[in-house]
Amino acid sequence: MTTPLLIGLLAGAILSGTSLLYATLGETLAERSGIVNLGLEGILLTGASVGFAVTVITGSAWLGLAAASLAGGLVNALFGWLVVTRKANQLASGLAMMFFGFGASALIGAPYVGAVIAGLPKWRPSWLAGLPWVRSTTLFNYDLLTWLAVPVAILVWWALFRTRWGLGLRAVGESPAAAFAAGRNPAALQYQALCIGGMLGGLAGAHLSLSLTLTWAEYMTAGRGFIAIALVIFSKWDPLRAIAGALLFGGAEALQLQLQARGSAVSPFVLEMSPYLLTLLVLLAWGGARRLAAPASLGRTFYGSN
Amino acid sequence: MKSSFGVFVSGLVLACCLAAQPALAQQPKLIIGAVYVGSVNDYGYNRSFHDALTQVARDLPGVKLIEAENVPESGEAESVMEGMIQQGAKLVVPTSFGYSDSARKVAKRHRDVAFEFAGDGDTERNFGVFFGSTQRAMYPMGVAAGKMTKSNKLGFVVGIPIGYALGNVNAFQMGARSVNPNVQTIVVVTGGWSDKAKEAAAANALLDQGCDVVSMHVDSPATIIQAVEGRGAMSIGFQSIEARALAPKGWITGLGFTWAPFFTSVAKSVMAGTFRGEAVYKGLGEMVAVGPFGPSVPADVQALVKKSADEVAKGFNPFTGPLKNNRGGTALPSGATVGADQMGSMNWYVEGVVGRVR
């Protein structure tokens with residue numbers, strides 16, 4: 001029985017898009033506070049390996065998930081110490097943290113390669129299982145991370161745009177000097193954004209190792225952290241648009257695989273490029289409008305607060 | 001990017017080897033140095049070598065094994081091999097194709113050290129090349145899949161569509177078709193030998209499209225087998241038959257490399273001083289074995305698969321014309337054959353395979 005392309009596409013897009021969405025939300029928080037974190041790929045890897053290692057040791061994927069989130073937050077706190085406290089260059093520090101994440105995740109994960117885990121439990125409401133095509137795909141058969149992905153995006157949006165904390169955070173991203181003058185503490189807000197963002201990044205990595213693949217392998221994120229950085233620009237630093245962005249990019253990966261699985265006449269080499277071509281197109285199309293949406297002080301170091 | 005931490009990890013492994021080297025208490029008769037591109041716990045390619053060499057070191061008295069994992073296919077491999085020779089290794093086994101240049105350079109500098117390189121190219125007095133031919137052995141795997149499928153759609157995840165992978169797919173489809181005329185094999189290419197998330201997504205896409213048996217040609221079958229098991233479908237493994245532990249329900253059977261007899265004879269010849277580098281390519285029954293059957297495979301299917309495997313081991317070549325390609329043309333004219341040494345240049349899919357070569 002063949003599943004209609006759109007259904008298969010949607011199933012695949014949600015499967016691949018979940019970790020992209022968490023990573024994008026994490027980066028959005030950091031960038032809204034004025035910090036570009038190019039180390040996102042390292043955060044994802046750290047989350048994936050720590051989550052897997054703790055799951056193997058404790059036998060509980062929930063503890064693994066918690067540890068992955070904490071590890072992501074900690075790595076970003078270290079990054080915060082570099083760029084907020086030590087006022088180091090954000091781009092260089094981000095790249096350094098990315099390589100740190102490569103090495104640290106390889107080291108942490110090495111003893112656990114090949115371990116077998118049960119992974120995060122999946123749950124499909126019975127009334128949804130009866131819908132046509134649902135039973136033959138992964139649709140609605142999700143772990144907690146996937147079920148909560150959209151609510152978390154809404155929560156991040158609410159925190160950023162409907163709370164006093166979010167107002168302060170965005171003010172720091174636009175003009176740390178003005179926020180400082182208004183009585184906000186830019187450094188504290190940037191640390192908070194980075195730590196929460198890192199925790200979301202850790203969850204993104206954990207989804208790959210604890211749910212999607214049930215394995216840990218070196219560099220298993222394969223560039224998803226960088227796609228998420230592009231997605232932040234695509235979604236104009238808006239957590240709600242990030243939902244659509246993650247679905248679109250998850251869908252690009254799903255499309256090439258679903259088309260091949262349906263025997264499409266398109267070359268697999270062309271299909272493989274599609275997510276990256278889409279990234280390029282997005283950057284081209286949105287590049288000009290970037291200044292309208294980007295936090296005005298994104299990437300700049302604020303020297304004034306201490 | 002991968003290389004920088006690979007360097008770090010391999011350095012660490014080497015350091016541990018050095019630290020663990022015992023004092024002059026008991027001098028081993030032969031030290032074997034094995035270089036792996038991944039982890040030996042991958043349930044796949046690297047594990048197949050680790051298992052075989054560990055067995056050799058256990059079975060032959062006085063043989064010691066030193067290993068370096070996650071060694072990148074760059075100049076770094078050269079220094080890892082040099083380090084092993086400094087520790088007294090007289091037999092070096094570079095197990096990844098990408099080590100070719102590094103291994104050949106080191107072998108030229110150390111004529112007294114024997115090399116067995118898992119790949120191809122020229123041989124030297126102290127430099128042998130070897131590999132297991134899996135393509136014909138995939139035919140009985142296809143027989144198993146063709147018998148077990150209910151949807152008549154088989155899935156095949158390919159890392160990079162090189163000739164050897166195409167050969168595996170083709171033999172799989174031909175074997176399946178020999179017992180099930182309506183069967184087709186759908187190929188999904190991921191674009192890398194070890195992109196786990198994409199492998200999981202590829203397996204899911206194949207299952208979405210109605211496949212109920214999935215096989216693969218990637219470095220480690222672990223991710224795909226687990227993804228398939230999680231959705232209640234069946235799998236046929238590749239590289240290491242130990243991967244059956246990952247799918248207690250859906251495992252049908254699989255191909256694994258069995259290098260131990262080969263390495264045993266090589267180790268003996270190095271100790272006896274009679275080693276000469278040769279090109280050794282062996283298939284089913286020698287370097288490749290059919291794995292145990294899973295619990296869902298009926299006895300008559302098992303017998304059929306074993307019979308087919310016996311025929312291949314005795315010399316049956318499924319790559320014998322006339323064969324049609326999957327675009328309606330002629331792939332092989334009547335009487336023509338493709339030998340194991342020509343697999344690398346295969347550039348067609350046989351009739352019944354759903355997929356494009358390029």
# chains A, B, ... in the order shown; residues from 1 in each chain; ligands from 1
call {"tool": "closest_atom_pairs", "arguments": {"of": "chain B", "to": "chain A", "cutoff": "8 Å", "atoms": "only C-alpha atoms", "output": "CSV"}}
result
residue,atom,partner,partner_atom,distance
B:Met1,CA,A:Phe99,CA,7.9
B:Lys2,CA,A:Tyr219,CA,7.2
B:Ser4,CA,A:Gly103,CA,7.9
B:Phe5,CA,A:Gly103,CA,4.9
B:Phe8,CA,A:Gly103,CA,7.5
B:Val9,CA,A:Leu107,CA,7.1
B:Ser39,CA,A:Val113,CA,6.9
B:Asn41,CA,A:Gly114,CA,4.8
B:Asp42,CA,A:Gly114,CA,5.0
B:Tyr43,CA,A:Gly114,CA,6.2
B:Ser151,CA,A:Met1,CA,7.3
B:Gly155,CA,A:Ala261,CA,8.0
B:Ile186,CA,A:Ala261,CA,6.1
B:Val187,CA,A:Ala261,CA,6.7
B:Val188,CA,A:Gln260,CA,5.4
B:Val189,CA,A:Pro268,CA,6.5
B:Thr190,CA,A:Glu272,CA,7.3
B:Gly191,CA,A:Glu272,CA,6.7
B:Ser194,CA,A:Met220,CA,7.9
B:Asp195,CA,A:Met220,CA,6.1
B:Lys196,CA,A:Met220,CA,6.0
B:Ala197,CA,A:Thr213,CA,5.9
B:Ala200,CA,A:Thr213,CA,5.7
B:Ala201,CA,A:Gly12,CA,6.8
B:Ala202,CA,A:Leu257,CA,5.7
B:Asn204,CA,A:Thr138,CA,7.6
B:Ala205,CA,A:Gln258,CA,5.4
B:Leu206,CA,A:Ala261,CA,5.3
B:Leu207,CA,A:Thr137,CA,7.3
B:Asp208,CA,A:Thr137,CA,5.0
B:Gln209,CA,A:Thr2,CA,4.8
B:Gly210,CA,A:Met1,CA,5.2
B:Ala222,CA,A:Thr215,CA,7.5
B:Thr223,CA,A:Thr213,CA,5.4
B:Ile224,CA,A:Thr213,CA,7.9
B:Gln226,CA,A:Leu214,CA,7.3
B:Ala227,CA,A:Thr213,CA,6.9
B:Leu246,CA,A:Val116,CA,7.2
B:Val354,CA,A:Gly263,CA,5.3
B:Gly355,CA,A:Gly263,CA,5.6
B:Arg356,CA,A:Ser267,CA,6.2
B:Val357,CA,A:Ser267,CA,7.5
B:Arg358,CA,A:Ser267,CA,5.3
call {"tool": "select_by_dssp", "arguments": {"residues": "range 146-305 of chain B", "states": "strand (DSSP E)", "output": "short mmCIF file (atom, residue, chain, number, x, y, z; two decimals) with C-alpha atoms, in the first residue's frame"}}
result
data_model
loop_
_atom_site.label_atom_id
_atom_site.label_comp_id
_atom_site.auth_asym_id
_atom_site.auth_seq_id
_atom_site.Cartn_x
_atom_site.Cartn_y
_atom_site.Cartn_z
CA LYS B 153 8.14 -4.17 -1.82
CA LEU B 154 11.66 -4.45 -0.47
CA GLY B 155 13.57 -1.39 0.73
CA PHE B 156 17.32 -0.89 0.34
CA VAL B 157 19.16 2.03 1.97
CA VAL B 158 22.40 2.87 0.15
CA GLN B 184 10.57 -4.96 -6.46
CA THR B 185 13.45 -3.39 -4.55
CA ILE B 186 13.19 0.32 -3.80
CA VAL B 187 16.51 2.13 -3.31
CA VAL B 188 16.95 5.23 -1.14
CA VAL B 189 20.36 6.92 -1.19
CA VAL B 213 11.62 -5.75 4.48
CA VAL B 214 14.59 -3.36 4.53
CA SER B 215 18.26 -4.07 3.85
CA MET B 216 21.17 -1.67 3.58
CA HIS B 217 24.70 -0.88 2.49
CA MET B 234 11.63 -6.87 9.03
CA SER B 235 15.29 -6.33 8.22
CA ILE B 236 18.23 -8.04 6.55
CA GLY B 237 21.58 -7.01 8.02
CA TRP B 251 15.65 -9.87 12.00
CA ILE B 252 15.39 -12.24 9.03
CA THR B 253 19.09 -12.90 8.36
CA GLY B 254 22.09 -10.91 7.23
CA LEU B 255 25.56 -10.92 5.73
CA GLY B 256 28.61 -10.48 7.89
CA PHE B 257 32.31 -10.46 7.21
CA ALA B 279 45.62 -9.75 -3.55
CA VAL B 280 43.03 -11.92 -1.81
CA TYR B 281 39.36 -11.54 -2.67
CA LYS B 282 36.99 -14.13 -1.27
CA VAL B 288 31.51 -13.55 4.00
CA ALA B 289 28.96 -15.56 5.96
CA VAL B 290 25.19 -15.75 6.18
#
call {"tool": "closest_residue", "arguments": {"among": "B:Thr320, B:Gly192, B:Ala137, B:Arg177", "to": "Gly285 in chain B", "atoms": "only C-alpha atoms"}}
result
B:Ala137
call {"tool": "select_by_dssp", "arguments": {"residues": "range 204-265 of chain B", "states": "alpha helix (DSSP H)", "output": "ChimeraX atom specification"}}
result
/B:204-208,222-230,260-265
call {"tool": "closest_atom_pairs", "arguments": {"of": "range 86-151 of chain B", "to": "range 46-51 of chain B", "cutoff": "12 Å", "atoms": "only C-alpha atoms", "output": "tab-separated table"}}
result
residue	atom	partner	partner_atom	distance
B:Val93	CA	B:Phe49	CA	9.3
B:Pro94	CA	B:Phe49	CA	10.2
B:Thr95	CA	B:Phe49	CA	7.5
B:Ser96	CA	B:Asn46	CA	8.8
B:Phe117	CA	B:Phe49	CA	11.8
B:Ala118	CA	B:Phe49	CA	10.0
B:Phe131	CA	B:Phe49	CA	11.4
B:Gly132	CA	B:Ser48	CA	11.4
call {"tool": "atom_distance", "arguments": {"atom1": "CA of Ala340 in chain B", "atom2": "CA of Asn326 in chain B"}}
result
21.3 Å
call {"tool": "residues_around", "arguments": {"residues": "Glu124 in chain B", "least_positions_apart": "2", "cutoff": "6 Å", "atoms": "only C-alpha atoms", "output": "ChimeraX atom specification"}}
result
/B:126-127,277
call {"tool": "residues_around", "arguments": {"residues": "Arg184 in chain A", "least_positions_apart": "2", "cutoff": "10 Å", "atoms": "only C-alpha atoms", "output": "PyMOL selection string"}}
result
chain A and resi 165+168-169+171-172+176-182+186-189+305
call {"tool": "write_last_selection", "arguments": {"atoms": "N, CA and C atoms", "output": "compact mmCIF listing (two decimals), in the first residue's frame"}}
result
# COMPACT_ATOMS: atom_id res chain seq x y z
N TRP A 165 10.31 40.13 31.18
CA TRP A 165 11.63 39.52 30.97
C TRP A 165 12.00 39.54 29.49
N GLY A 168 12.90 42.98 28.24
CA GLY A 168 14.27 43.32 28.63
C GLY A 168 15.28 42.62 27.74
N LEU A 169 15.01 41.33 27.49
CA LEU A 169 15.92 40.53 26.67
C LEU A 169 16.04 41.13 25.27
N ALA A 171 15.37 44.18 24.43
CA ALA A 171 15.99 45.49 24.52
C ALA A 171 17.51 45.35 24.53
N VAL A 172 18.00 44.32 25.24
CA VAL A 172 19.44 44.08 25.28
C VAL A 172 19.95 43.75 23.88
N PRO A 176 22.07 47.29 24.16
CA PRO A 176 22.40 46.98 25.55
C PRO A 176 22.60 48.25 26.38
N ALA A 177 23.12 49.31 25.76
CA ALA A 177 23.36 50.54 26.51
C ALA A 177 22.05 51.13 26.99
N ALA A 178 21.05 51.16 26.09
CA ALA A 178 19.74 51.70 26.46
C ALA A 178 19.09 50.84 27.54
N ALA A 179 19.21 49.51 27.39
CA ALA A 179 18.62 48.62 28.38
C ALA A 179 19.30 48.82 29.73
N PHE A 180 20.59 49.00 29.69
CA PHE A 180 21.37 49.21 30.91
C PHE A 180 20.93 50.50 31.59
N ALA A 181 20.76 51.53 30.75
CA ALA A 181 20.35 52.83 31.28
C ALA A 181 18.96 52.75 31.89
N ALA A 182 18.13 51.83 31.35
CA ALA A 182 16.77 51.68 31.86
C ALA A 182 16.73 50.78 33.09
N PRO A 186 22.19 43.77 31.33
CA PRO A 186 22.39 43.07 30.05
C PRO A 186 23.10 41.74 30.22
N ALA A 187 24.14 41.70 31.06
CA ALA A 187 24.91 40.46 31.20
C ALA A 187 24.03 39.34 31.75
N ALA A 188 23.24 39.67 32.79
CA ALA A 188 22.39 38.63 33.39
C ALA A 188 21.38 38.11 32.38
N LEU A 189 20.76 39.03 31.60
CA LEU A 189 19.76 38.61 30.62
C LEU A 189 20.40 37.77 29.52
N SER A 305 28.66 47.53 30.95
CA SER A 305 27.96 47.21 32.19
C SER A 305 28.87 46.96 33.38
call {"tool": "residues_around", "arguments": {"residues": "Tyr139 in chain B", "least_positions_apart": "5", "cutoff": "7 Å", "atoms": "only C-alpha atoms", "output": "list in words"}}
result
Ala171, Phe172, Met174 and Gly175 of chain B
call {"tool": "atom_distance", "arguments": {"atom1": "CA of Leu78 in chain A", "atom2": "CA of Ser33 in chain A"}}
result
16.3 Å
call {"tool": "closest_residue", "arguments": {"among": "A:Ile14, A:Val232, A:Ala242, A:Leu210", "to": "Gly64 in chain A", "atoms": "only C-alpha atoms"}}
result
A:Leu210
call {"tool": "decode", "arguments": {"residues": "range 123-238 of chain B", "atoms": "C-alpha atoms", "output": "CSV table (one decimal), in the first residue's frame"}}
result
chain,number,residue,atom,x,y,z
B,123,THR,CA,50.7,-5.4,-3.9
B,124,GLU,CA,54.3,-5.3,-2.7
B,125,ARG,CA,56.4,-7.9,-1.0
B,126,ASN,CA,55.3,-6.6,2.4
B,127,PHE,CA,51.9,-5.2,1.3
B,128,GLY,CA,48.9,-7.4,0.7
B,129,VAL,CA,45.4,-6.3,-0.3
B,130,PHE,CA,42.2,-8.1,0.5
B,131,PHE,CA,38.4,-7.8,0.7
B,132,GLY,CA,35.3,-9.9,1.0
B,133,SER,CA,33.0,-9.9,-2.0
B,134,THR,CA,29.4,-9.5,-0.8
B,135,GLN,CA,27.6,-8.9,-4.1
B,136,ARG,CA,26.9,-12.6,-5.0
B,137,ALA,CA,26.3,-13.3,-1.4
B,138,MET,CA,23.4,-10.8,-1.5
B,139,TYR,CA,21.5,-13.2,-3.8
B,140,PRO,CA,20.5,-15.6,-1.0
B,141,MET,CA,19.6,-12.5,1.1
B,142,GLY,CA,17.2,-11.5,-1.6
B,143,VAL,CA,15.8,-15.0,-1.6
B,144,ALA,CA,15.0,-14.6,2.1
B,145,ALA,CA,13.5,-11.2,1.6
B,146,GLY,CA,11.4,-12.3,-1.4
B,147,LYS,CA,10.0,-15.1,0.6
B,148,MET,CA,9.2,-13.1,3.7
B,149,THR,CA,7.7,-10.0,2.2
B,150,LYS,CA,3.9,-9.6,2.1
B,151,SER,CA,3.8,-6.3,0.3
B,152,ASN,CA,6.2,-7.4,-2.4
B,153,LYS,CA,8.1,-4.2,-1.8
B,154,LEU,CA,11.7,-4.4,-0.5
B,155,GLY,CA,13.6,-1.4,0.7
B,156,PHE,CA,17.3,-0.9,0.3
B,157,VAL,CA,19.2,2.0,2.0
B,158,VAL,CA,22.4,2.9,0.1
B,159,GLY,CA,25.0,5.2,1.6
B,160,ILE,CA,26.8,6.3,-1.6
B,161,PRO,CA,25.8,4.6,-4.9
B,162,ILE,CA,29.2,3.2,-5.8
B,163,GLY,CA,29.5,0.1,-8.0
B,164,TYR,CA,29.9,-2.3,-5.1
B,165,ALA,CA,26.7,-1.0,-3.5
B,166,LEU,CA,24.8,-1.2,-6.9
B,167,GLY,CA,26.0,-4.8,-7.1
B,168,ASN,CA,24.6,-5.6,-3.7
B,169,VAL,CA,21.2,-4.1,-4.6
B,170,ASN,CA,21.1,-5.9,-8.0
B,171,ALA,CA,22.0,-9.4,-6.5
B,172,PHE,CA,19.4,-8.8,-3.8
B,173,GLN,CA,16.7,-8.0,-6.3
B,174,MET,CA,17.6,-11.0,-8.5
B,175,GLY,CA,17.6,-13.3,-5.5
B,176,ALA,CA,14.2,-12.0,-4.4
B,177,ARG,CA,12.8,-12.3,-7.9
B,178,SER,CA,14.0,-15.9,-8.3
B,179,VAL,CA,11.4,-16.8,-5.6
B,180,ASN,CA,8.8,-14.0,-6.0
B,181,PRO,CA,8.2,-12.7,-9.6
B,182,ASN,CA,6.2,-9.7,-8.4
B,183,VAL,CA,8.8,-8.3,-6.1
B,184,GLN,CA,10.6,-5.0,-6.5
B,185,THR,CA,13.5,-3.4,-4.5
B,186,ILE,CA,13.2,0.3,-3.8
B,187,VAL,CA,16.5,2.1,-3.3
B,188,VAL,CA,16.9,5.2,-1.1
B,189,VAL,CA,20.4,6.9,-1.2
B,190,THR,CA,21.4,8.9,1.9
B,191,GLY,CA,24.6,10.4,0.5
B,192,GLY,CA,26.9,9.3,3.2
B,193,TRP,CA,28.2,6.1,4.8
B,194,SER,CA,27.3,7.1,8.3
B,195,ASP,CA,24.6,9.8,8.5
B,196,LYS,CA,22.5,8.2,11.3
B,197,ALA,CA,19.6,10.6,11.4
B,198,LYS,CA,19.2,10.4,7.6
B,199,GLU,CA,19.4,6.6,7.7
B,200,ALA,CA,16.6,6.5,10.2
B,201,ALA,CA,14.5,9.0,8.1
B,202,ALA,CA,15.3,6.9,4.9
B,203,ALA,CA,14.1,3.7,6.6
B,204,ASN,CA,11.0,5.4,7.7
B,205,ALA,CA,10.3,6.7,4.2
B,206,LEU,CA,10.6,3.2,2.8
B,207,LEU,CA,8.2,1.9,5.4
B,208,ASP,CA,5.8,4.8,4.7
B,209,GLN,CA,5.8,3.7,1.1
B,210,GLY,CA,4.8,0.2,1.9
B,211,CYS,CA,8.1,-1.7,2.1
B,212,ASP,CA,8.0,-4.4,4.8
B,213,VAL,CA,11.6,-5.8,4.5
B,214,VAL,CA,14.6,-3.4,4.5
B,215,SER,CA,18.3,-4.1,3.8
B,216,MET,CA,21.2,-1.7,3.6
B,217,HIS,CA,24.7,-0.9,2.5
B,218,VAL,CA,26.0,1.6,5.0
B,219,ASP,CA,28.9,1.5,7.6
B,220,SER,CA,26.7,0.3,10.4
B,221,PRO,CA,23.3,-1.3,10.1
B,222,ALA,CA,22.4,-0.5,13.7
B,223,THR,CA,20.2,2.6,13.1
B,224,ILE,CA,18.2,1.2,10.2
B,225,ILE,CA,17.6,-2.1,11.9
B,226,GLN,CA,16.4,-0.4,15.0
B,227,ALA,CA,14.1,2.0,13.1
B,228,VAL,CA,12.6,-0.9,11.2
B,229,GLU,CA,12.2,-3.0,14.3
B,230,GLY,CA,10.5,-0.1,16.1
B,231,ARG,CA,7.8,-0.1,13.4
B,232,GLY,CA,7.3,-3.8,13.4
B,233,ALA,CA,8.8,-4.5,10.0
B,234,MET,CA,11.6,-6.9,9.0
B,235,SER,CA,15.3,-6.3,8.2
B,236,ILE,CA,18.2,-8.0,6.6
B,237,GLY,CA,21.6,-7.0,8.0
B,238,PHE,CA,24.9,-6.2,6.5
